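A.B. asks: Provided herewith: input.txt, compact mmCIF, C-alpha atoms.
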```txt
# COMPACT_ATOMS: atom_id res chain seq x y z
CA MET Z 1 -24.01 0.44 -15.22
CA VAL Z 2 -24.59 -3.09 -16.48
CA PHE Z 3 -22.86 -6.00 -14.76
CA CYS Z 4 -22.78 -9.42 -16.40
CA VAL Z 5 -22.28 -12.51 -14.22
CA VAL Z 6 -21.02 -15.66 -15.95
CA CYS Z 7 -21.35 -18.82 -13.86
CA GLY Z 8 -19.70 -21.18 -16.35
CA GLY Z 9 -17.92 -21.42 -19.67
CA ASP Z 10 -14.52 -20.62 -21.17
CA PRO Z 11 -13.95 -16.83 -21.58
CA ARG Z 12 -12.23 -17.51 -24.91
CA GLU Z 13 -15.42 -19.00 -26.33
CA LEU Z 14 -18.10 -16.91 -24.67
CA GLU Z 15 -20.30 -14.24 -26.18
CA ILE Z 16 -21.90 -11.96 -23.60
CA PRO Z 17 -24.40 -9.09 -23.75
CA GLU Z 18 -23.04 -5.55 -23.83
CA CYS Z 19 -21.95 -4.64 -20.30
CA ASP Z 20 -19.62 -2.43 -18.29
CA VAL Z 21 -18.14 -5.17 -16.09
CA ALA Z 22 -18.18 -8.96 -16.50
CA LEU Z 23 -17.73 -11.36 -13.57
CA PHE Z 24 -16.56 -14.94 -14.16
CA GLY Z 25 -17.07 -17.50 -11.43
CA PHE Z 26 -14.71 -20.24 -10.31
CA GLY Z 27 -14.41 -22.88 -13.01
CA CYS Z 28 -14.34 -20.53 -15.98
CA LEU Z 29 -10.54 -20.26 -15.99
CA GLY Z 30 -9.76 -23.43 -14.06
CA ASP Z 31 -6.58 -23.58 -11.98
CA VAL Z 32 -3.85 -21.12 -12.95
CA ASP Z 33 -0.17 -21.98 -12.41
CA PHE Z 34 1.97 -18.85 -12.07
CA GLU Z 35 5.09 -20.66 -13.28
CA SER Z 36 3.32 -21.79 -16.45
CA GLU Z 37 2.01 -18.27 -16.97
CA LEU Z 38 5.47 -16.74 -16.63
CA LYS Z 39 7.00 -19.32 -18.98
CA GLY Z 40 4.33 -18.65 -21.58
CA GLU Z 41 3.07 -22.24 -21.41
CA SER Z 42 -0.39 -20.91 -20.53
CA GLU Z 43 -2.05 -17.52 -21.02
CA LYS Z 44 -5.13 -17.67 -18.84
CA PHE Z 45 -4.64 -14.22 -17.33
CA GLY Z 46 -3.96 -12.95 -20.83
CA ASP Z 47 -7.27 -14.49 -21.92
CA VAL Z 48 -9.06 -12.38 -19.29
CA ALA Z 49 -7.35 -9.22 -20.54
CA ARG Z 50 -8.13 -10.04 -24.17
CA PHE Z 51 -11.75 -10.74 -23.30
CA SER Z 52 -12.04 -7.34 -21.63
CA LYS Z 53 -10.58 -5.72 -24.75
CA LYS Z 54 -12.87 -7.63 -27.11
CA PHE Z 55 -16.01 -6.56 -25.25
CA ASN Z 56 -14.65 -3.16 -24.13
CA CYS Z 57 -15.45 -3.83 -20.47
CA GLY Z 58 -13.94 -4.55 -17.11
CA ALA Z 59 -13.48 -8.24 -16.30
CA LEU Z 60 -13.10 -10.11 -13.01
CA ALA Z 61 -12.32 -13.83 -13.08
CA ALA Z 62 -12.13 -16.13 -10.03
CA CYS Z 63 -9.73 -19.05 -10.00
CA ASN Z 64 -7.41 -21.14 -7.85
CA THR Z 65 -3.81 -19.99 -8.33
CA LEU Z 66 -0.80 -22.25 -7.80
CA SER Z 67 2.63 -20.98 -6.80
CA ARG Z 68 5.52 -23.11 -5.48
CA GLY Z 69 3.15 -25.71 -4.11
CA MET Z 70 0.86 -23.17 -2.45
CA VAL Z 71 -2.77 -22.77 -3.51
CA ARG Z 72 -4.72 -19.53 -3.20
CA LYS Z 73 -8.26 -18.53 -4.05
CA SER Z 74 -7.87 -15.52 -6.30
CA VAL Z 75 -9.54 -13.08 -8.66
CA ALA Z 76 -7.85 -11.64 -11.75
CA ALA Z 77 -8.93 -8.12 -12.72
CA ALA Z 78 -8.65 -6.56 -16.18
CA ASP Z 79 -9.96 -3.44 -17.86
CA ARG Z 80 -10.39 -3.06 -21.62
CA GLY Z 81 -7.31 -5.04 -22.55
CA LYS Z 82 -5.08 -4.33 -19.55
CA LEU Z 83 -4.49 -6.81 -16.72
CA LEU Z 84 -4.84 -4.76 -13.51
CA GLY Z 85 -3.80 -7.37 -10.96
CA ILE Z 86 -4.61 -10.53 -9.02
CA SER Z 87 -6.10 -10.42 -5.52
CA ASP Z 88 -6.32 -13.33 -3.06
CA MET Z 89 -8.61 -14.51 -0.28
CA ASN Z 90 -7.28 -13.15 3.03
CA HIS Z 91 -8.90 -15.51 5.55
CA VAL Z 92 -8.12 -19.23 5.72
CA LEU Z 93 -10.34 -21.16 8.13
CA ASP Z 94 -9.82 -24.30 10.22
CA GLY Z 95 -6.73 -25.66 8.51
CA GLU Z 96 -7.96 -25.32 4.93
CA ASN Z 97 -5.32 -26.18 2.36
CA PHE Z 98 -4.94 -22.63 1.09
CA LYS Z 99 -2.47 -19.81 1.55
CA SER Z 100 -3.91 -16.52 2.71
CA GLY Z 101 -3.38 -13.35 0.73
CA VAL Z 102 -2.46 -9.85 1.87
CA GLY Z 103 -4.45 -6.66 1.37
CA LEU Z 104 -7.76 -5.82 -0.25
CA GLY Z 105 -8.68 -6.17 -3.89
CA PHE Z 106 -9.68 -2.70 -5.10
CA TYR Z 107 -9.66 -1.75 -8.77
CA LYS Z 108 -11.08 0.89 -11.07
CA ALA Z 109 -12.52 -0.62 -14.24
CA ASN Z 110 -14.59 1.15 -16.86
CA GLY Z 111 -14.97 4.16 -14.58
CA CYS Z 112 -16.26 2.15 -11.60
CA ALA Z 113 -14.44 1.49 -8.31
CA LEU Z 114 -14.75 -2.24 -7.65
CA GLY Z 115 -14.07 -3.93 -4.33
CA LEU Z 116 -13.33 -7.66 -4.28
CA CYS Z 117 -14.40 -10.17 -1.67
CA VAL Z 118 -13.15 -13.74 -2.16
CA GLU Z 119 -14.73 -16.80 -0.51
CA ASN Z 120 -14.12 -16.74 3.30
CA ASP Z 121 -13.62 -12.97 3.35
CA LEU Z 122 -17.41 -12.67 3.09
CA LEU Z 123 -17.66 -13.85 6.71
CA PHE Z 124 -15.73 -10.83 7.99
CA PRO Z 125 -17.66 -7.52 8.05
CA ASP Z 126 -14.41 -5.56 8.25
CA THR Z 127 -13.80 -6.52 4.63
CA PHE Z 128 -16.83 -4.55 3.49
CA LYS Z 129 -16.23 -1.72 5.93
CA ALA Z 130 -12.71 -1.26 4.57
CA LEU Z 131 -13.86 -1.40 0.94
CA THR Z 132 -16.51 1.25 1.50
CA LEU Z 133 -14.04 3.50 3.34
CA CYS Z 134 -11.79 3.22 0.28
CA GLY Z 135 -14.61 4.55 -1.91
CA CYS Z 136 -15.87 1.31 -3.42
CA ASN Z 137 -18.87 1.80 -5.77
CA VAL Z 138 -19.77 -1.88 -6.13
CA ALA Z 139 -18.61 -4.89 -4.10
CA CYS Z 140 -18.04 -8.10 -6.08
CA VAL Z 141 -18.15 -11.41 -4.20
CA PHE Z 142 -16.86 -14.75 -5.52
CA LEU Z 143 -17.67 -18.14 -3.97
CA GLU Z 144 -16.69 -21.48 -5.47
CA GLU Z 145 -20.03 -22.94 -4.43
CA LEU Z 146 -23.11 -21.98 -2.47
CA LYS Z 147 -23.11 -24.31 0.54
CA ASP Z 148 -26.06 -22.80 2.44
CA ASN Z 149 -28.33 -19.76 2.58
CA VAL Z 150 -25.98 -17.63 4.69
CA PRO Z 151 -24.07 -15.80 1.88
CA PRO Z 152 -27.23 -14.26 0.34
CA LEU Z 153 -28.25 -13.06 3.80
CA LEU Z 154 -24.82 -11.55 4.39
CA ILE Z 155 -24.60 -9.61 1.12
CA ARG Z 156 -28.09 -8.27 1.72
CA ALA Z 157 -27.08 -7.06 5.19
CA TYR Z 158 -23.77 -5.60 4.01
CA ALA Z 159 -25.39 -3.74 1.12
CA TYR Z 160 -27.90 -2.19 3.50
CA LEU Z 161 -25.49 -1.42 6.35
CA PHE Z 162 -22.55 -0.13 4.33
CA GLY Z 163 -24.49 1.53 1.51
CA VAL Z 164 -22.80 -0.29 -1.38
CA PRO Z 165 -24.49 -2.59 -3.92
CA VAL Z 166 -23.17 -6.15 -3.96
CA ILE Z 167 -22.85 -8.57 -6.89
CA MET Z 168 -22.14 -12.21 -6.01
CA CYS Z 169 -21.18 -15.16 -8.19
CA ALA Z 170 -21.64 -18.29 -6.06
CA GLY Z 171 -21.24 -21.59 -7.86
CA LYS Z 172 -24.01 -21.76 -10.46
CA CYS Z 173 -26.00 -18.83 -9.03
CA ALA Z 174 -25.76 -15.07 -9.44
CA TYR Z 175 -27.02 -12.58 -6.83
CA PHE Z 176 -27.48 -8.85 -6.58
CA ALA Z 177 -28.24 -6.95 -3.35
CA ASP Z 178 -28.94 -3.21 -3.40
CA VAL Z 179 -28.63 -0.64 -0.65
CA SER Z 180 -32.34 -0.79 0.17
CA GLY Z 181 -32.03 -4.40 1.32
CA ALA Z 182 -33.68 -5.91 -1.75
CA ILE Z 183 -32.05 -8.97 -3.33
CA ALA Z 184 -32.36 -10.71 -6.71
CA SER Z 185 -30.97 -14.05 -7.86
CA SER Z 186 -30.60 -16.09 -11.03
CA SER Z 187 -29.48 -19.61 -11.93
CA GLN Z 188 -28.89 -18.80 -15.59
CA LYS Z 189 -25.45 -19.34 -17.05
CA VAL Z 190 -25.21 -15.65 -17.98
CA THR Z 191 -27.10 -12.99 -16.00
CA THR Z 192 -27.06 -9.20 -16.24
CA PHE Z 193 -27.86 -6.73 -13.47
CA GLU Z 194 -28.24 -2.98 -13.97
CA ILE Z 195 -26.82 -0.90 -11.14
CA SER Z 196 -26.85 2.81 -10.42
CA PRO Z 197 -24.00 3.42 -7.93
CA GLN Z 198 -24.80 6.21 -5.50
CA ASN Z 199 -22.83 7.99 -2.82
CA LYS Z 200 -25.29 8.84 -0.08
CA TYR Z 201 -24.04 9.75 3.36
CA HIS Z 202 -25.62 10.34 6.76
CA LEU Z 203 -24.25 12.49 9.55
CA VAL Z 204 -23.78 10.21 12.57
CA THR Z 205 -22.80 11.57 15.98
CA THR Z 206 -21.74 9.60 19.03
CA ARG Z 207 -20.43 10.15 22.56
CA THR Z 208 -17.05 8.74 23.60
CA ARG Z 209 -15.77 8.51 27.15
CA GLY Z 210 -12.13 9.04 28.07
CA ILE Z 211 -10.95 11.70 25.66
CA SER Z 212 -9.80 14.90 27.31
CA ALA Z 213 -12.16 17.85 26.83
CA ALA Z 214 -9.14 20.14 26.52
CA VAL Z 215 -7.68 19.09 23.21
CA ARG Z 216 -4.16 20.41 22.82
CA GLN Z 217 -3.30 22.24 19.65
CA ASP Z 218 0.48 22.60 19.59
CA TYR Z 219 0.66 23.11 15.85
```
Starting from the file, give its structure as structure tokens.
C.D. replies:
Amino acid sequence: MVFCVVCGGDPRELEIPECDVALFGFGCLGDVDFESELKGESEKFGDVARFSKKFNCGALAACNTLSRGMVRKSVAAADRGKLLGISDMNHVLDGENFKSGVGLGFYKANGCALGLCVENDLLFPDTFKALTLCGCNVACVFLEELKDNVPPLLIRAYAYLFGVPVIMCAGKCAYFADVSGAIASSSQKVTTFEISPQNKYHLVTTRTRGISAAVRQDY
């Protein structure tokens, strides 16, 4: 599968290479006001859906969403003309001026199960563990900016430990980490990565103390 990462530019004006899924970083849509969207005064989510129809692909677009004075970091997901949903960042740190979301972003687009990780959620390994348990084929990470070298290290570790390739759009940089621990990066405005999702499993056994050896079977 081919993933295209767009680090800047208006989706309505962009031309991208042929791909299965396109990722748009923060800044492509700008802020999105839910009230304006519902009133028809803006159609930014509709633009994402129309883009996915035009290029016959899945599309994920990061943005700040505004609702009744609350701001969330979000990602809109669409697939070949249909808006699938909007997922929010779940973890707000140290009094940040954001509202936390609820639940994981998990969508099927163009035949691929995509797991979403938004901003601070990258710092919590349980996010990736949950996505992989749900059957995620590729994890897609969105950061508004790359503040240090920690995020590339984290996606490399998560890809290796949880066995799922990771695509990251971080500010003006695109990253790809595969399950072997290798990582690639690009500072181009539009970057493509080719991924072959695989489901490889290992049998892991462990010993646990405290569970009765005589397991009751009353059914």
A.B. asks: Using only C-alpha atoms, give me every residue within 12 Å of (1.9, -22.0, -13.2) in file coordinates, as JSON, numbers by chain.
C.D. replies: {"Z": [30, 31, 32, 33, 34, 35, 36, 37, 38, 39, 40, 41, 42, 43, 44, 45, 64, 65, 66, 67, 68, 69, 70, 71]}
A.B. asks: Contacts of Lys54 (chain Z) at 8 Å or less, counting all atoms listed in the file, minus same-chain residues fewer than 2 places along, as a short mmCIF file (atom, residue, chain, number, x, y, z; two decimals) with C-alpha atoms, in the frame of the given file?
C.D. replies:
```
data_model
loop_
_atom_site.label_atom_id
_atom_site.label_comp_id
_atom_site.auth_asym_id
_atom_site.auth_seq_id
_atom_site.Cartn_x
_atom_site.Cartn_y
_atom_site.Cartn_z
CA ARG Z 50 -8.13 -10.04 -24.17
CA PHE Z 51 -11.75 -10.74 -23.30
CA SER Z 52 -12.04 -7.34 -21.63
CA ASN Z 56 -14.65 -3.16 -24.13
CA ARG Z 80 -10.39 -3.06 -21.62
CA GLY Z 81 -7.31 -5.04 -22.55
#
```
A.B. asks: For region 20-22 of chain Z, please output as an MDAnalysis selection string all residues within 8 Å (counting all atoms listed in the file; exclusion window: fewer than 6 positions along the same chain).
C.D. replies: chainID Z and resid 1:6 56:60 109:110
A.B. asks: When you count all atoms listed in the file, which of these residues is closest to Asp148 (chain Z): Z:Phe128, Z:Asp94, Z:Ala170, Z:Cys19?
C.D. replies: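 Of all the options, Z:Ala170 lies closest to Asp148 (chain Z).
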A.B. asks: Identify which of the residues Z:Ala182, Z:Ala139, Z:Ala174, Z:Ser100 lies closest to Pro197 (chain Z), counting all atoms listed in the file when measuring atom-to-atom distances.
C.D. replies: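 Ranked by minimum distance to Pro197 (chain Z), first place goes to Z:Ala139.
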A.B. asks: Which is closest to Cys169 (chain Z) among Z:Phe142, Z:Phe124, Z:Phe193, Z:Phe26, if we use only C-alpha atoms?
C.D. replies: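 Smallest separation from Cys169 (chain Z) among the options: Z:Phe142.
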A.B. asks: Distance CA of Gly85 (chain Z)-CA of Leu114 (chain Z), one decimal place?
C.D. replies: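 It comes out at 12.5 Å.
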A.B. asks: Rounded to one decimal in Å, what is the spacing between CA of Leu83 (chain Z) and CA of Ala49 (chain Z)?
C.D. replies: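 It comes out at 5.3 Å.
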A.B. asks: I'd like to know which of Z:Leu122, Z:Val166, Z:Val48, Z:Leu133 is closest to Val150 (chain Z), using all atoms listed in the file.
C.D. replies: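 When distances to Val150 (chain Z) are compared using all atoms listed in the file, the smallest one comes from Z:Leu122.
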A.B. asks: Any idea what the distance is between CA of Thr192 (chain Z) and CA of Ala130 (chain Z)?
C.D. replies: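 According to the coordinates, CA of Thr192 (chain Z) and CA of Ala130 (chain Z) are separated by 26.5 Å.
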A.B. asks: I want to know what sits within 9 Å of Gly101 (chain Z), based on all atoms listed in the file, with residues of the same chain fewer than 2 positions away left out; could you give that as an MDAnalysis selection string?
C.D. replies: chainID Z and resid 72:74 87:91 99 103:104
A.B. asks: Mind checking which residues fall within 10 Å of Pro151 (chain Z), counting all atoms listed in the file, ignoring those fewer than 6 positions away in the same chain, and posting them as number ranges by chain?
C.D. replies: Z: 119, 122-123, 141, 143, 157, 168, 170, 175
A.B. asks: Rank Z:Cys117, Z:Leu203, Z:Val138, Z:Val190 by their smallest atom-to-atom distance to Glu18 (chain Z), using all atoms listed in the file, and report the top residue only.
C.D. replies: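 Counting all atoms listed in the file, the residue closest to Glu18 (chain Z) is Z:Val190.
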A.B. asks: Draw an axis-aligned box over all listed atoms of region 176-181 of chain Z, pad each side with 6 Å, and write its centre and edge lengths in Å, one decimal, as JSON.
C.D. replies:
```
{"center_x": -29.9, "center_y": -4.7, "center_z": -2.6, "size_x": 16.9, "size_y": 20.2, "size_z": 19.9}
```
A.B. asks: Check the smallest atom-to-atom distance from each of Z:Cys140, Z:Lys200, Z:Gly25, Z:Ser185 to Phe162 (chain Z) using all atoms listed in the file, then report the winner.
C.D. replies: Z:Lys200
A.B. asks: Excluding Pro165 (chain Z) and its own-chain neighbours fewer than 3 positions away, which residues fall within 9 Å of it when counting only C-alpha atoms? Please give them as a count of residues only.
C.D. replies: 18
